[in-house]
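Source file: my_file.txt (compact mmCIF, C-alpha atoms and all ligand atoms)
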# COMPACT_ATOMS: atom_id res chain seq x y z
CA MET A 23 115.61 58.24 124.87
CA GLU A 24 113.85 61.40 123.83
CA GLY A 25 110.51 62.40 122.38
CA ILE A 26 107.13 61.14 123.48
CA GLU A 27 106.64 59.04 120.33
CA ASN A 28 109.89 57.12 120.79
CA ILE A 29 109.14 56.50 124.44
CA TYR A 30 105.59 55.47 123.58
CA THR A 31 106.74 52.94 121.00
CA TYR A 32 109.39 51.63 123.36
CA LEU A 33 106.85 51.13 126.16
CA LYS A 34 104.25 49.74 123.78
CA GLY A 35 106.78 47.10 122.67
CA LYS A 36 107.44 46.17 126.25
CA PHE A 37 103.94 46.30 127.80
CA GLY A 38 101.61 45.97 124.80
CA GLU A 39 98.03 46.41 125.93
CA GLY A 40 99.14 48.00 129.19
CA ILE A 41 99.77 51.23 127.32
CA GLY A 42 96.71 52.99 125.92
CA ILE A 43 96.23 55.89 123.55
CA LEU A 44 98.81 58.53 122.65
CA ASP A 45 97.81 62.18 122.34
CA LYS A 46 100.66 64.05 120.73
CA GLU A 47 98.53 66.98 119.52
CA SER A 48 97.96 68.62 122.87
CA ARG A 49 100.39 71.19 124.18
CA ASP A 50 101.78 68.74 126.68
CA PRO A 51 101.71 65.40 124.83
CA TRP A 52 100.72 62.44 126.94
CA PHE A 53 99.89 58.77 126.70
CA GLU A 54 97.62 56.52 128.66
CA VAL A 55 98.71 53.78 131.04
CA LYS A 56 96.21 51.14 132.10
CA ARG A 57 95.68 51.05 135.83
CA GLU A 58 96.50 47.31 136.06
CA ASN A 59 99.99 47.97 134.69
CA LEU A 60 100.67 51.26 136.43
CA ARG A 61 103.15 49.98 139.01
CA GLU A 62 105.14 47.92 136.49
CA VAL A 63 105.30 50.81 134.03
CA ALA A 64 106.21 53.28 136.75
CA THR A 65 109.04 51.13 138.03
CA PHE A 66 110.27 50.63 134.47
CA LEU A 67 110.13 54.37 133.74
CA ARG A 68 112.23 55.04 136.80
CA ASP A 69 114.75 52.19 136.58
CA ASP A 70 115.34 51.58 132.88
CA PRO A 71 118.70 53.12 131.90
CA GLU A 72 117.19 54.38 128.63
CA LEU A 73 114.39 56.20 130.45
CA GLY A 74 115.45 57.03 134.01
CA PHE A 75 112.60 59.32 135.01
CA THR A 76 113.66 59.55 138.62
CA TYR A 77 111.74 62.68 139.53
CA LEU A 78 107.98 62.97 139.97
CA VAL A 79 106.85 66.56 139.55
CA ALA A 80 103.17 66.17 140.30
CA ILE A 81 100.13 63.96 140.32
CA THR A 82 96.99 65.81 139.34
CA GLY A 83 93.45 64.55 139.67
CA VAL A 84 91.03 65.53 136.93
CA ASP A 85 87.30 64.95 136.48
CA TYR A 86 86.42 64.62 132.77
CA SER A 87 82.62 64.57 133.29
CA LYS A 88 82.06 67.74 131.32
CA PHE A 89 84.21 66.73 128.36
CA VAL A 90 81.95 65.51 125.57
CA ASP A 91 84.12 65.06 122.49
CA VAL A 92 86.78 62.71 123.81
CA ASP A 93 86.63 58.98 124.37
CA TYR A 94 87.62 59.25 128.04
CA LYS A 95 84.61 61.39 128.88
CA GLY A 96 82.94 60.85 132.22
CA LYS A 97 86.06 59.36 133.73
CA LEU A 98 88.37 60.38 136.48
CA CYS A 99 92.01 60.72 135.68
CA ALA A 100 95.29 60.93 137.50
CA THR A 101 97.96 62.78 135.52
CA TYR A 102 101.55 61.89 136.34
CA ILE A 103 104.18 64.43 135.37
CA LEU A 104 107.68 63.02 135.35
CA TYR A 105 111.00 64.68 134.87
CA ARG A 106 114.44 63.44 133.93
CA LEU A 107 116.98 65.63 135.59
CA ARG A 108 120.02 64.70 133.51
CA ASP A 109 118.68 66.25 130.29
CA SER A 110 115.57 68.14 131.52
CA HIS A 111 113.13 65.88 129.74
CA GLN A 112 109.47 65.91 130.74
CA LEU A 113 107.04 63.05 130.34
CA ILE A 114 103.33 62.95 131.05
CA PHE A 115 101.09 59.94 131.30
CA LYS A 116 97.54 59.53 132.47
CA VAL A 117 95.59 56.81 134.19
CA PHE A 118 91.82 56.76 133.67
CA VAL A 119 89.32 55.20 136.02
CA GLU A 120 85.54 54.98 136.10
CA LYS A 121 83.80 57.28 138.55
CA GLU A 122 82.06 54.34 140.19
CA ASP A 123 85.35 52.60 140.89
CA PRO A 124 87.97 55.30 141.46
CA VAL A 125 90.83 53.11 142.62
CA ILE A 126 94.41 53.44 141.37
CA PRO A 127 97.42 51.59 142.81
CA SER A 128 99.67 53.91 144.76
CA VAL A 129 103.19 54.66 143.54
CA TRP A 130 104.36 56.26 146.78
CA ASP A 131 107.17 53.70 147.19
CA ILE A 132 108.39 54.21 143.61
CA TRP A 133 108.54 58.00 143.83
CA ARG A 134 108.31 59.15 147.45
CA ALA A 135 107.01 62.53 146.31
CA ALA A 136 103.81 60.77 145.29
CA GLU A 137 102.72 60.39 148.89
CA TRP A 138 101.37 63.92 149.38
CA HIS A 139 100.29 64.33 145.76
CA GLU A 140 98.13 61.26 146.06
CA ARG A 141 96.64 62.60 149.25
CA GLU A 142 95.78 65.82 147.43
CA ALA A 143 94.16 64.00 144.52
CA PHE A 144 92.19 61.95 147.02
CA ASP A 145 91.16 65.05 148.94
CA LEU A 146 89.89 67.07 146.00
CA VAL A 147 88.83 64.52 143.38
CA GLY A 148 88.28 61.42 145.47
CA ILE A 149 90.60 58.97 143.73
CA LYS A 150 91.50 56.19 146.15
CA PHE A 151 95.13 55.16 145.92
CA GLU A 152 95.37 51.54 146.88
CA GLY A 153 98.36 50.73 149.07
CA HIS A 154 98.95 54.29 150.19
CA PRO A 155 100.20 54.22 153.80
CA ASP A 156 98.23 57.22 155.05
CA LEU A 157 95.43 58.29 152.75
CA ARG A 158 93.92 61.21 154.66
CA ARG A 159 92.74 64.62 153.51
CA ILE A 160 95.65 67.01 153.14
CA LEU A 161 94.11 70.44 152.42
CA LEU A 162 90.51 70.39 153.57
CA PRO A 163 89.51 69.83 157.18
CA PRO A 164 89.16 66.13 158.06
CA GLU A 165 85.42 66.32 158.63
CA TRP A 166 84.73 67.71 155.13
CA GLU A 167 82.16 65.79 153.14
CA GLY A 168 82.59 65.09 149.45
CA HIS A 169 85.34 65.94 147.01
CA PRO A 170 84.93 69.53 145.80
CA LEU A 171 86.66 69.32 142.43
CA LEU A 172 84.23 66.71 141.18
CA LYS A 173 81.91 68.37 138.68
CA ASP A 174 78.78 67.20 140.47
CA TYR A 175 79.89 68.48 143.86
CA LYS A 176 77.24 70.49 145.71
CA GLU A 177 78.39 72.86 148.38
CA PRO A 178 76.48 72.39 151.65
CA GLU A 179 74.48 75.29 153.06
CA GLU A 180 76.39 75.36 156.27
CA TYR A 181 79.89 74.70 157.50
CA ARG A 182 80.35 73.55 161.07
CA THR A 183 83.31 72.26 163.01
CA PRO A 184 82.80 68.86 164.65
CA ASP A 185 82.69 70.41 168.13
CA GLY A 186 80.11 72.99 167.08
CA TYR A 187 82.49 75.85 167.93
CA LEU A 188 81.95 77.47 164.56
CA VAL A 189 78.80 77.41 162.47
CA VAL A 190 78.64 79.59 159.35
CA LYS A 191 76.28 79.81 156.42
CA THR A 192 78.05 79.26 153.13
CA HIS A 193 75.75 81.42 150.93
CA ARG A 194 74.93 78.39 148.81
CA PRO A 195 73.14 77.95 146.52
CA ASP A 196 74.64 81.16 145.31
CA PRO A 197 72.03 83.94 145.09
CA LEU A 198 74.11 85.77 142.49
CA ARG A 199 74.18 82.80 140.16
CA GLU A 200 70.63 81.57 140.49
CA ASN A 201 69.27 83.41 137.45
CA ASN A 202 72.24 82.82 135.24
CA GLU A 203 71.90 79.44 133.55
CA SER A 204 74.90 79.73 131.29
CA ASP A 205 77.07 80.47 134.30
CA GLN A 206 76.16 77.28 136.09
CA LYS A 207 78.24 74.89 134.02
CA MET I 20 106.84 112.09 174.97
CA ALA I 21 106.70 114.96 177.45
CA GLY I 22 105.94 117.37 174.65
CA ARG I 23 103.06 115.27 173.42
CA TYR I 24 101.63 115.00 176.87
CA LYS I 25 101.66 118.75 177.18
CA GLU I 26 100.02 119.10 173.82
CA GLY I 27 97.28 116.68 174.84
CA VAL I 28 96.47 118.63 177.96
CA GLU I 29 96.37 121.86 176.03
CA ASN I 30 93.87 120.33 173.67
CA ILE I 31 91.25 119.79 176.36
CA PRO I 32 88.42 122.20 175.55
CA ILE I 33 88.12 125.14 177.91
CA GLU I 34 84.45 124.36 178.60
CA GLN I 35 85.42 121.10 180.18
CA ILE I 36 87.80 122.79 182.54
CA ALA I 37 85.10 125.33 183.32
CA ASP I 38 82.68 122.54 184.06
CA ALA I 39 85.15 120.98 186.47
CA LEU I 40 82.92 121.99 189.34
CA PHE I 41 81.03 118.75 188.76
CA PRO I 42 82.65 115.43 189.55
CA GLU I 43 81.22 113.88 186.38
CA VAL I 44 83.30 116.20 184.31
CA ILE I 45 86.48 115.24 186.09
CA LEU I 46 85.70 111.65 185.28
CA THR I 47 85.32 112.55 181.61
CA THR I 48 88.69 114.18 181.68
CA VAL I 49 90.26 111.03 183.07
CA ASP I 50 88.48 109.20 180.30
CA ASP I 51 90.01 111.50 177.76
CA PHE I 52 93.41 111.02 179.26
CA LEU I 53 93.12 107.25 179.20
CA ASN I 54 91.73 107.28 175.69
CA TRP I 55 94.59 109.47 174.60
CA GLY I 56 97.01 106.92 175.95
CA ARG I 57 95.17 103.99 174.47
CA SER I 58 94.74 105.55 171.08
CA TRP I 59 98.46 106.06 170.64
CA SER I 60 99.32 102.49 171.43
CA VAL I 61 97.10 100.45 169.18
CA TRP I 62 99.09 97.27 168.99
CA TYR I 63 97.97 94.96 166.28
CA LEU I 64 97.98 91.21 166.00
CA LEU I 65 99.87 89.92 163.00
CA PHE I 66 97.32 87.88 161.16
CA ALA I 67 98.35 87.66 157.55
CA THR I 68 97.07 84.67 155.61
CA ALA I 69 97.55 85.72 152.00
CA CYS I 70 98.88 88.42 149.66
CA CYS I 71 97.38 91.27 151.72
CA GLY I 72 99.94 90.26 154.32
CA ILE I 73 102.66 91.70 152.09
CA GLU I 74 100.98 95.10 152.27
CA LEU I 75 100.61 94.62 156.00
CA MET I 76 104.38 94.24 156.17
CA GLN I 77 104.76 97.45 154.19
CA PHE I 78 102.45 99.07 156.69
CA GLY I 79 104.91 98.24 159.42
CA GLY I 80 107.89 99.04 157.21
CA PRO I 81 109.74 102.34 156.90
CA ARG I 82 107.59 104.05 154.25
CA THR I 83 104.21 103.94 155.93
CA ASP I 84 105.80 103.34 159.31
CA ALA I 85 102.95 102.46 161.63
CA ASP I 86 105.30 102.89 164.61
CA ARG I 87 105.04 106.65 164.36
CA ILE I 88 101.41 106.49 165.45
CA GLY I 89 102.25 103.98 168.14
CA SER I 90 101.12 100.84 166.33
CA VAL I 91 103.52 97.94 166.53
CA PHE I 92 102.92 94.33 165.72
CA ARG I 93 102.41 91.69 168.34
CA ALA I 94 102.85 88.01 167.76
CA THR I 95 100.32 86.96 170.37
CA PRO I 96 96.66 87.91 170.75
CA ARG I 97 97.11 88.40 174.50
CA GLN I 98 99.09 91.58 173.92
CA ALA I 99 97.11 92.97 171.03
CA ASP I 100 94.33 95.57 170.91
CA LEU I 101 93.64 95.38 167.23
CA MET I 102 93.29 92.42 164.93
CA ILE I 103 94.10 93.16 161.30
CA VAL I 104 92.80 90.24 159.29
CA ALA I 105 94.88 90.50 156.15
CA GLY I 106 94.07 87.87 153.60
CA THR I 107 91.83 85.05 152.50
CA ILE I 108 90.13 83.12 155.28
CA THR I 109 89.11 79.56 154.50
CA TYR I 110 86.56 77.62 156.48
CA LYS I 111 89.40 75.63 157.95
CA MET I 112 91.01 78.85 159.17
CA ALA I 113 87.77 80.49 160.33
CA SER I 114 87.63 78.69 163.64
CA ARG I 115 91.21 79.85 164.33
CA VAL I 116 90.22 83.43 163.57
CA LYS I 117 87.40 83.16 166.08
CA LEU I 118 89.67 81.57 168.68
CA LEU I 119 92.34 84.24 168.30
CA TYR I 120 89.75 86.98 168.55
CA GLU I 121 88.39 85.49 171.74
CA GLN I 122 91.88 85.28 173.20
CA MET I 123 92.43 89.01 172.82
CA ALA I 124 91.85 91.11 175.94
CA GLU I 125 89.04 93.69 175.99
CA PRO I 126 88.74 96.29 174.60
CA LYS I 127 89.51 94.93 171.16
CA TYR I 128 89.03 96.09 167.62
CA VAL I 129 89.06 94.39 164.25
CA ILE I 130 90.06 95.72 160.84
CA SER I 131 89.09 93.62 157.89
CA MET I 132 91.71 94.27 155.26
CA GLY I 133 91.09 93.64 151.58
CA ALA I 134 88.35 92.15 149.46
CA CYS I 135 88.98 88.62 150.72
CA ALA I 136 88.46 89.38 154.37
CA ASN I 137 85.53 91.66 153.56
CA CYS I 138 83.51 89.27 151.44
CA GLY I 139 85.61 86.48 149.95
CA GLY I 140 86.87 88.72 147.16
CA PRO I 141 88.14 86.98 144.04
CA PHE I 142 87.43 83.64 145.73
CA TRP I 143 83.72 84.25 146.20
CA TYR I 144 82.92 81.21 144.03
CA SER I 145 85.33 78.93 145.81
CA TYR I 146 84.03 76.03 147.85
CA SER I 147 86.47 76.52 150.68
CA VAL I 148 86.63 80.27 151.28
CA LEU I 149 84.71 82.07 154.00
CA ARG I 150 82.66 84.87 152.46
CA GLY I 151 83.60 87.66 154.83
CA ILE I 152 85.09 87.44 158.30
CA ASP I 153 82.08 89.33 159.68
CA LYS I 154 80.31 85.97 159.58
CA VAL I 155 82.65 84.88 162.36
CA ILE I 156 83.79 87.91 164.37
CA PRO I 157 82.55 91.51 164.71
CA VAL I 158 84.38 93.94 162.46
CA ASP I 159 84.97 97.64 163.19
CA PHE I 160 86.40 98.82 159.89
CA TYR I 161 86.50 97.42 156.40
CA ILE I 162 89.21 98.44 153.99
CA ALA I 163 88.47 97.96 150.32
CA GLY I 164 91.11 96.98 147.80
CA CYS I 165 92.91 93.97 146.46
CA PRO I 166 95.23 94.56 148.14
CA PRO I 167 94.61 97.92 149.84
CA ARG I 168 97.56 100.25 149.85
CA PRO I 169 99.44 100.54 153.14
CA GLU I 170 98.24 104.16 153.34
CA ALA I 171 94.67 102.89 153.32
CA LEU I 172 95.48 100.57 156.18
CA LEU I 173 97.07 103.47 158.05
CA GLN I 174 93.86 105.39 157.54
CA GLY I 175 92.03 102.42 159.02
CA VAL I 176 94.17 102.51 162.13
CA ILE I 177 93.61 106.26 162.43
CA GLU I 178 89.87 105.54 162.31
CA VAL I 179 90.34 103.06 165.12
CA GLN I 180 92.14 105.80 167.07
CA LYS I 181 89.22 108.15 166.50
CA LYS I 182 86.83 105.51 167.69
CA ILE I 183 88.89 104.92 170.82
CA LYS I 184 88.97 108.66 171.57
CA LYS I 185 85.18 108.80 171.53
CA GLU I 186 84.72 105.98 173.98
CA LYS I 187 83.81 106.37 177.65
CA TYR I 188 86.33 103.84 178.79
CA LEU I 189 85.85 104.00 182.57
CA ARG I 190 82.07 104.09 182.41
CA ALA I 191 81.97 101.18 180.08
CA LYS I 192 84.15 99.24 182.48
CA LYS I 193 82.03 100.27 185.45
CA SER I 194 78.77 99.31 183.84
CA GLU I 195 80.24 95.98 182.79
CA ALA I 196 81.54 95.27 186.27
CA GLY I 197 78.44 96.54 188.06
CA GLY I 198 76.04 94.72 185.78
S1 LIG M 301 92.11 90.92 148.84
FE1 LIG M 301 93.41 90.55 147.04
S2 LIG M 301 95.48 91.00 147.78
FE2 LIG M 301 94.19 90.71 149.58
S3 LIG M 301 94.41 88.58 150.17
FE3 LIG M 301 92.62 88.74 148.83
S4 LIG M 301 93.41 88.32 146.77
FE4 LIG M 301 95.15 88.80 148.06
Show the structure stored in the file as structure tokens.
Ligand code: SF4
Amino acid sequence: MEGIENIYTYLKGKFGEGIGILDKESRDPWFEVKRENLREVATFLRDDPELGFTYLVAITGVDYSKFVDVDYKGKLCATYILYRLRDSHQLIFKVFVEKEDPVIPSVWDIWRAAEWHEREAFDLVGIKFEGHPDLRRILLPPEWEGHPLLKDYKEPEEYRTPDGYLVVKTHRPDPLRENNESDQK
Amino acid sequence: MAGRYKEGVENIPIEQIADALFPEVILTTVDDFLNWGRSWSVWYLLFATACCGIELMQFGGPRTDADRIGSVFRATPRQADLMIVAGTITYKMASRVKLLYEQMAEPKYVISMGACANCGGPFWYSYSVLRGIDKVIPVDFYIAGCPPRPEALLQGVIEVQKKIKKEKYLRAKKSEAGG
């Protein structure tokens, strides 16, 4: 089955409310999957002979706080990029969660590649993947506080290792940016 | 090698030989001899963390050919005199930079290569990048560029050689040992 609209209709017929909006205008068309149905839909996308998206390219965490003109503003999002190897077909779907409750069920046992991608999304955006076997930071040092790709992240004034071996000033708040309001977005 | 040695001796200024009546001056000459030897064997620690590392490889490669001035790469800080920090240093990496620097034997020198190592470079606004390795270790020479050309790095090593030649190696050691 090809084309995002066909796939969307097919899934909509199967899962109904579990599938949210479709955005076919953007450069990479995508549709929304509700977090409650994520694991069912993911398994179906992988196993259904019509679909067969066996390959997970990436999971990306996004913070939509600064988006004002869309109805998912202020939410966190995990973008799943899938790929079907037999005919090079790409499919993107997104899962939105509230910032106060950033929990998404893990799909690490459906696509094993998800394991590290989920760790990355947790590390940088702070989405908690429920059921993940080893949800630790993957890029930043383990003692890091906060999730730096959140829009409201404030960089601390100092970085120090837990043993106190290294203590450096981070030059924050940035003296070069202080006077430039438009730059601070 | 023998030819170079001869050349080095010939280069000693005549006043120094004339002043050889005083023991101090003989010491200086030994200093010069040692510095001459040290300056032509500046072995550098391979420490490439980002794209500047590619230019560092060129620096050791046949075009720039650092070997001809006696600089070869070492894979361990214990054998290195010079640390060339080539690339972006994150906070996570910064403690490793400090550790490696401390593992190097005295006397040791540091070249900060490229905008990233100098000040954070294009990643100045990043949350995770150290804004200049001089926040962590002392730096002898900074090389501007993104990335600097291998010739610029060669110039940096030549500056290190000049610095070594000016040093009073034995006296420094003596004063350190004697307190
Ligand atoms: S200074 Fe430029 S070339 Fe060098 S590591 Fe930084 S970004 Fe890469």
inquiry  = Distance limit 10 Å, reference ligand LIG 301 (chain M), atoms considered: all atoms listed in the file. Which residues make the cut? Give them as a count of residues only.
reply    = 33
message = Using all atoms listed in the file, I'd like every residue of chain I that has an atom within 7 Å of chain A; please write them out as a PyMOL selection string.
response = chain I and resi 111+114+146+154
query = If you count only C-alpha atoms, which residues fall within 12 Å of Leu98 in chain A, apart from same-chain ones fewer than 4 positions away, as number ranges by chain?
reply = A: 57, 82-89, 94, 116-126, 143-144, 146-150, 171-173
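Neighbourhood of point (95.3, 109.6, 172.0): residues with an atom at most 9 Å away, counting all atoms listed in the file, are Gly27, Asp51, Phe52, Leu53, Asn54, Trp55, Gly56, Arg57, Ser58, Trp59, Ser60, Gln180, Lys181, Ile183 and Lys184 of chain I.
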Polymer residues at most 12 Å from Gln112 in chain A, only C-alpha atoms, same-chain spacing of 6 or more positions, as an NGL selection string = :A and (23-26 or 29 or 50-52 or 67 or 73-80 or 102-106)
inquiry  = Quick check, in Å to one decimal: how far apart do CA of Glu121 in chain I and CA of Asp159 in chain I lie?
reply    = 15.2 Å
message = I'd like the interatomic distance between CA of Asp185 in chain A and CA of Ile156 in chain I, to a tenth of an Å.
response =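 A separation of 17.9 Å between them.
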key: Residue nearest Leu119 in chain I - candidates I:Val155, I:Ile31, I:Lys182, I:Val91, atoms counted: all atoms listed in the file   = I:Val155
Using the incomplete input, complete range 82-92 of chain I to the level of all heavy atoms; output as a compact mmCIF listing (two decimals), in the coordinates of the input.
# COMPACT_ATOMS: atom_id res chain seq x y z
N ARG I 82 108.28 103.02 155.03
CA ARG I 82 107.59 104.05 154.25
C ARG I 82 106.31 104.52 154.92
O ARG I 82 106.08 105.70 155.09
CB ARG I 82 107.25 103.50 152.86
CG ARG I 82 108.44 103.52 151.98
CD ARG I 82 108.02 103.56 150.55
NE ARG I 82 109.18 103.45 149.71
CZ ARG I 82 109.20 103.81 148.45
NH1 ARG I 82 108.12 104.30 147.89
NH2 ARG I 82 110.29 103.69 147.76
N THR I 83 105.45 103.56 155.25
CA THR I 83 104.21 103.94 155.93
C THR I 83 104.48 104.09 157.42
O THR I 83 103.96 105.01 158.05
CB THR I 83 103.14 102.86 155.68
OG1 THR I 83 103.11 102.58 154.30
CG2 THR I 83 101.80 103.34 156.14
N ASP I 84 105.29 103.21 157.96
CA ASP I 84 105.80 103.34 159.31
C ASP I 84 104.70 103.51 160.36
O ASP I 84 104.45 104.60 160.87
CB ASP I 84 106.77 104.53 159.38
CG ASP I 84 107.60 104.43 160.66
OD1 ASP I 84 107.54 103.38 161.31
OD2 ASP I 84 108.28 105.41 160.98
N ALA I 85 104.04 102.41 160.64
CA ALA I 85 102.95 102.46 161.63
C ALA I 85 103.48 102.82 163.03
O ALA I 85 102.73 103.33 163.86
CB ALA I 85 102.25 101.11 161.67
N ASP I 86 104.75 102.60 163.28
CA ASP I 86 105.30 102.89 164.61
C ASP I 86 105.11 104.34 165.00
O ASP I 86 104.97 104.66 166.18
CB ASP I 86 106.81 102.59 164.64
CG ASP I 86 107.09 101.13 164.47
OD1 ASP I 86 106.24 100.45 163.89
OD2 ASP I 86 108.15 100.68 164.91
N ARG I 87 105.11 105.23 164.00
CA ARG I 87 105.04 106.65 164.36
C ARG I 87 103.70 107.03 164.94
O ARG I 87 103.58 108.08 165.57
CB ARG I 87 105.39 107.52 163.15
CG ARG I 87 104.34 107.51 162.07
CD ARG I 87 104.93 108.01 160.77
NE ARG I 87 104.26 107.41 159.65
CZ ARG I 87 103.51 108.09 158.79
NH1 ARG I 87 103.35 109.37 158.92
NH2 ARG I 87 102.93 107.48 157.81
N ILE I 88 102.65 106.22 164.73
CA ILE I 88 101.41 106.49 165.45
C ILE I 88 101.22 105.47 166.57
O ILE I 88 100.12 105.25 167.05
CB ILE I 88 100.18 106.52 164.51
CG1 ILE I 88 100.00 105.18 163.81
CG2 ILE I 88 100.28 107.65 163.50
CD1 ILE I 88 98.62 105.05 163.19
N GLY I 89 102.30 104.83 166.96
CA GLY I 89 102.25 103.98 168.14
C GLY I 89 101.76 102.58 167.90
O GLY I 89 101.52 101.83 168.83
N SER I 90 101.60 102.19 166.61
CA SER I 90 101.12 100.84 166.33
C SER I 90 102.31 99.95 166.02
O SER I 90 103.04 100.20 165.07
CB SER I 90 100.18 100.85 165.13
OG SER I 90 98.95 101.39 165.51
N VAL I 91 102.48 98.93 166.82
CA VAL I 91 103.52 97.94 166.53
C VAL I 91 102.86 96.57 166.50
O VAL I 91 101.80 96.38 167.06
CB VAL I 91 104.64 97.96 167.57
CG1 VAL I 91 105.47 99.21 167.44
CG2 VAL I 91 104.09 97.82 168.98
N PHE I 92 103.52 95.65 165.83
CA PHE I 92 102.92 94.33 165.72
C PHE I 92 103.21 93.49 166.94
O PHE I 92 104.24 93.63 167.59
CB PHE I 92 103.37 93.63 164.44
CG PHE I 92 104.85 93.36 164.37
CD1 PHE I 92 105.37 92.22 164.94
CD2 PHE I 92 105.69 94.25 163.75
CE1 PHE I 92 106.72 91.96 164.88
CE2 PHE I 92 107.05 93.99 163.69
CZ PHE I 92 107.56 92.86 164.26
